[in-house]
Amino acid sequence: MHRSINKILGPAVRFVKFRVLHVDDSPHRIAMGVALGLFTAYLPPLWFHIILVLSVASILRANKFVALTFIWASNPFTFIPIYYPNYLLGRSILSWLRPEQRLAAGEIAAMFENFSFGKTVTGISTPQFWNQFTSLILQVGLEMLIGGIIIGGAIAVAGYFGTRTLLRWYRAKYPHRHKNGVECC
């Protein structure tokens, strides 16, 4: 059991250790990059994530490399686990405002099923995939956006404080492993 968990989590732990903890920037800027990347990953305009995260990172002076890295929390493996809860939360909020526009649970499940990992990998280069994706966004995009802002915002706040705390602890414990000792903010 321990080996299988280590095999799954090992690459993620190595990534955080060598690509996040050793970035030559302040804990605040790195944590802002993590938060921004995670928040953006929860927003539905998939093809605009990179443009959005680079623009906002420049304005907020967040670490762009880290922000770009963390938008990959949204990927074909995580499409349904991220966007379906976003939709459910957004739908529950919007149902108070416009109860007549609810889709049946079966319709929603069928729409999201078209974007399972296997179907996404095999169909991403086909016009049919993009037609289905466009249809999904047009039908439930507002719900996914509202849910994404709320859930992504909560995860971003946790990511910011967790990353900043971890960085400060790690750099205090292993000061010789950090190049320039950048510790402002």
# chains A, B, ... in the order shown; residues from 1 in each chain; ligands from 1

call {"tool": "select_by_dssp", "arguments": {"residues": "segment 38-105 of chain A", "states": "alpha helix (DSSP H)", "output": "PyMOL selection string"}}
result
chain A and resi 38-41+49-60+64-70+79-97+105

call {"tool": "write_last_selection", "arguments": {"atoms": "N, CA and C atoms", "output": "CSV table (one decimal), in the first residue's frame"}}
result
chain,number,residue,atom,x,y,z
A,38,LEU,N,-4.2,28.2,-9.2
A,38,LEU,CA,-5.3,27.4,-8.7
A,38,LEU,C,-6.7,28.0,-9.0
A,39,PHE,N,-6.8,29.3,-8.7
A,39,PHE,CA,-8.0,30.0,-9.0
A,39,PHE,C,-8.4,30.0,-10.5
A,40,THR,N,-7.4,30.3,-11.3
A,40,THR,CA,-7.7,30.3,-12.8
A,40,THR,C,-8.1,28.9,-13.3
A,41,ALA,N,-7.5,27.8,-12.7
A,41,ALA,CA,-7.8,26.5,-13.1
A,41,ALA,C,-9.3,26.1,-12.9
A,49,HIS,N,-6.9,30.3,-20.1
A,49,HIS,CA,-6.2,30.2,-18.8
A,49,HIS,C,-4.8,30.8,-18.9
A,50,ILE,N,-4.1,30.5,-19.9
A,50,ILE,CA,-2.7,31.0,-20.0
A,50,ILE,C,-2.7,32.5,-20.1
A,51,ILE,N,-3.5,33.0,-21.0
A,51,ILE,CA,-3.6,34.5,-21.2
A,51,ILE,C,-4.0,35.2,-19.9
A,52,LEU,N,-5.1,34.6,-19.3
A,52,LEU,CA,-5.6,35.2,-18.1
A,52,LEU,C,-4.6,35.2,-17.0
A,53,VAL,N,-3.9,34.1,-16.7
A,53,VAL,CA,-3.0,34.0,-15.6
A,53,VAL,C,-1.8,34.8,-15.8
A,54,LEU,N,-1.3,34.9,-17.0
A,54,LEU,CA,-0.1,35.8,-17.3
A,54,LEU,C,-0.5,37.3,-17.1
A,55,SER,N,-1.7,37.7,-17.6
A,55,SER,CA,-2.1,39.1,-17.4
A,55,SER,C,-2.2,39.4,-16.0
A,56,VAL,N,-3.0,38.6,-15.2
A,56,VAL,CA,-3.2,38.9,-13.8
A,56,VAL,C,-1.9,38.8,-13.0
A,57,ALA,N,-1.1,37.8,-13.3
A,57,ALA,CA,0.2,37.7,-12.6
A,57,ALA,C,1.1,38.9,-12.8
A,58,SER,N,1.0,39.5,-14.0
A,58,SER,CA,1.8,40.7,-14.2
A,58,SER,C,1.3,41.9,-13.4
A,59,ILE,N,0.0,42.0,-13.3
A,59,ILE,CA,-0.6,43.1,-12.5
A,59,ILE,C,-0.4,42.9,-11.0
A,60,LEU,N,-0.5,41.7,-10.5
A,60,LEU,CA,-0.4,41.4,-9.1
A,60,LEU,C,1.1,41.2,-8.7
A,64,LYS,N,5.1,34.3,-12.2
A,64,LYS,CA,4.4,33.8,-13.4
A,64,LYS,C,4.7,32.3,-13.7
A,65,PHE,N,5.9,31.8,-13.5
A,65,PHE,CA,6.2,30.4,-13.7
A,65,PHE,C,5.3,29.5,-12.8
A,66,VAL,N,5.2,29.9,-11.5
A,66,VAL,CA,4.4,29.1,-10.6
A,66,VAL,C,3.0,29.2,-11.0
A,67,ALA,N,2.5,30.3,-11.3
A,67,ALA,CA,1.1,30.5,-11.7
A,67,ALA,C,0.8,29.6,-13.0
A,68,LEU,N,1.6,29.7,-14.0
A,68,LEU,CA,1.4,28.9,-15.2
A,68,LEU,C,1.4,27.4,-14.8
A,69,THR,N,2.3,27.0,-13.9
A,69,THR,CA,2.4,25.6,-13.5
A,69,THR,C,1.1,25.1,-12.9
A,70,PHE,N,0.6,25.9,-12.0
A,70,PHE,CA,-0.6,25.5,-11.2
A,70,PHE,C,-1.9,25.6,-12.0
A,79,PHE,N,-11.0,17.3,-15.3
A,79,PHE,CA,-12.1,18.1,-15.8
A,79,PHE,C,-13.4,17.9,-15.1
A,80,ILE,N,-13.9,16.6,-14.9
A,80,ILE,CA,-15.1,16.3,-14.2
A,80,ILE,C,-15.0,16.6,-12.7
A,81,PRO,N,-14.0,16.2,-12.0
A,81,PRO,CA,-13.9,16.5,-10.6
A,81,PRO,C,-13.9,18.0,-10.3
A,82,ILE,N,-13.4,18.8,-11.2
A,82,ILE,CA,-13.4,20.3,-11.0
A,82,ILE,C,-14.6,21.0,-11.4
A,83,TYR,N,-15.0,20.7,-12.6
A,83,TYR,CA,-16.1,21.5,-13.2
A,83,TYR,C,-17.5,21.0,-12.8
A,84,TYR,N,-17.7,19.8,-12.5
A,84,TYR,CA,-19.0,19.3,-12.1
A,84,TYR,C,-19.4,19.9,-10.8
A,85,PRO,N,-18.6,19.9,-9.7
A,85,PRO,CA,-18.9,20.6,-8.5
A,85,PRO,C,-19.1,22.1,-8.7
A,86,ASN,N,-18.3,22.7,-9.6
A,86,ASN,CA,-18.5,24.1,-9.9
A,86,ASN,C,-19.9,24.3,-10.4
A,87,TYR,N,-20.3,23.5,-11.3
A,87,TYR,CA,-21.7,23.6,-11.9
A,87,TYR,C,-22.7,23.4,-10.9
A,88,LEU,N,-22.6,22.4,-10.0
A,88,LEU,CA,-23.6,22.1,-9.0
A,88,LEU,C,-23.8,23.3,-8.0
A,89,LEU,N,-22.7,23.9,-7.6
A,89,LEU,CA,-22.8,25.0,-6.7
A,89,LEU,C,-23.4,26.2,-7.4
A,90,GLY,N,-22.9,26.5,-8.7
A,90,GLY,CA,-23.5,27.6,-9.4
A,90,GLY,C,-24.9,27.4,-9.7
A,91,ARG,N,-25.3,26.2,-10.0
A,91,ARG,CA,-26.8,25.9,-10.3
A,91,ARG,C,-27.6,26.1,-9.0
A,92,SER,N,-27.1,25.7,-7.9
A,92,SER,CA,-27.9,25.9,-6.7
A,92,SER,C,-28.0,27.4,-6.4
A,93,ILE,N,-27.0,28.2,-6.7
A,93,ILE,CA,-27.1,29.6,-6.4
A,93,ILE,C,-28.1,30.3,-7.4
A,94,LEU,N,-27.9,29.9,-8.7
A,94,LEU,CA,-28.8,30.5,-9.8
A,94,LEU,C,-30.2,30.0,-9.7
A,95,SER,N,-30.4,28.9,-9.1
A,95,SER,CA,-31.8,28.4,-9.1
A,95,SER,C,-32.7,29.3,-8.2
A,96,TRP,N,-32.1,30.1,-7.4
A,96,TRP,CA,-32.9,31.0,-6.6
A,96,TRP,C,-33.3,32.2,-7.6
A,97,LEU,N,-32.5,32.5,-8.5
A,97,LEU,CA,-32.7,33.7,-9.4
A,97,LEU,C,-33.6,33.3,-10.6
A,105,ALA,N,-31.0,16.1,-13.9
A,105,ALA,CA,-29.7,15.5,-13.5
A,105,ALA,C,-29.1,14.6,-14.6

call {"tool": "residues_around", "arguments": {"residues": "segment 154-165 of chain A", "least_positions_apart": "5", "cutoff": "12 Å", "atoms": "only C-alpha atoms", "output": "count of residues only"}}
result
39

call {"tool": "closest_residue", "arguments": {"among": "A:Leu142, A:Ile124, A:Ile150, A:Asn63", "to": "Asp24 of chain A", "atoms": "only C-alpha atoms"}}
result
A:Asn63

call {"tool": "atom_distance", "arguments": {"atom1": "atom CA of Leu167 of chain A", "atom2": "atom CA of His22 of chain A"}}
result
8.9 Å

call {"tool": "atom_distance", "arguments": {"atom1": "atom CA of Ile146 of chain A", "atom2": "atom CA of Ser125 of chain A"}}
result
28.3 Å

call {"tool": "atom_distance", "arguments": {"atom1": "atom CA of Gly152 of chain A", "atom2": "atom CA of Asn75 of chain A"}}
result
14.8 Å
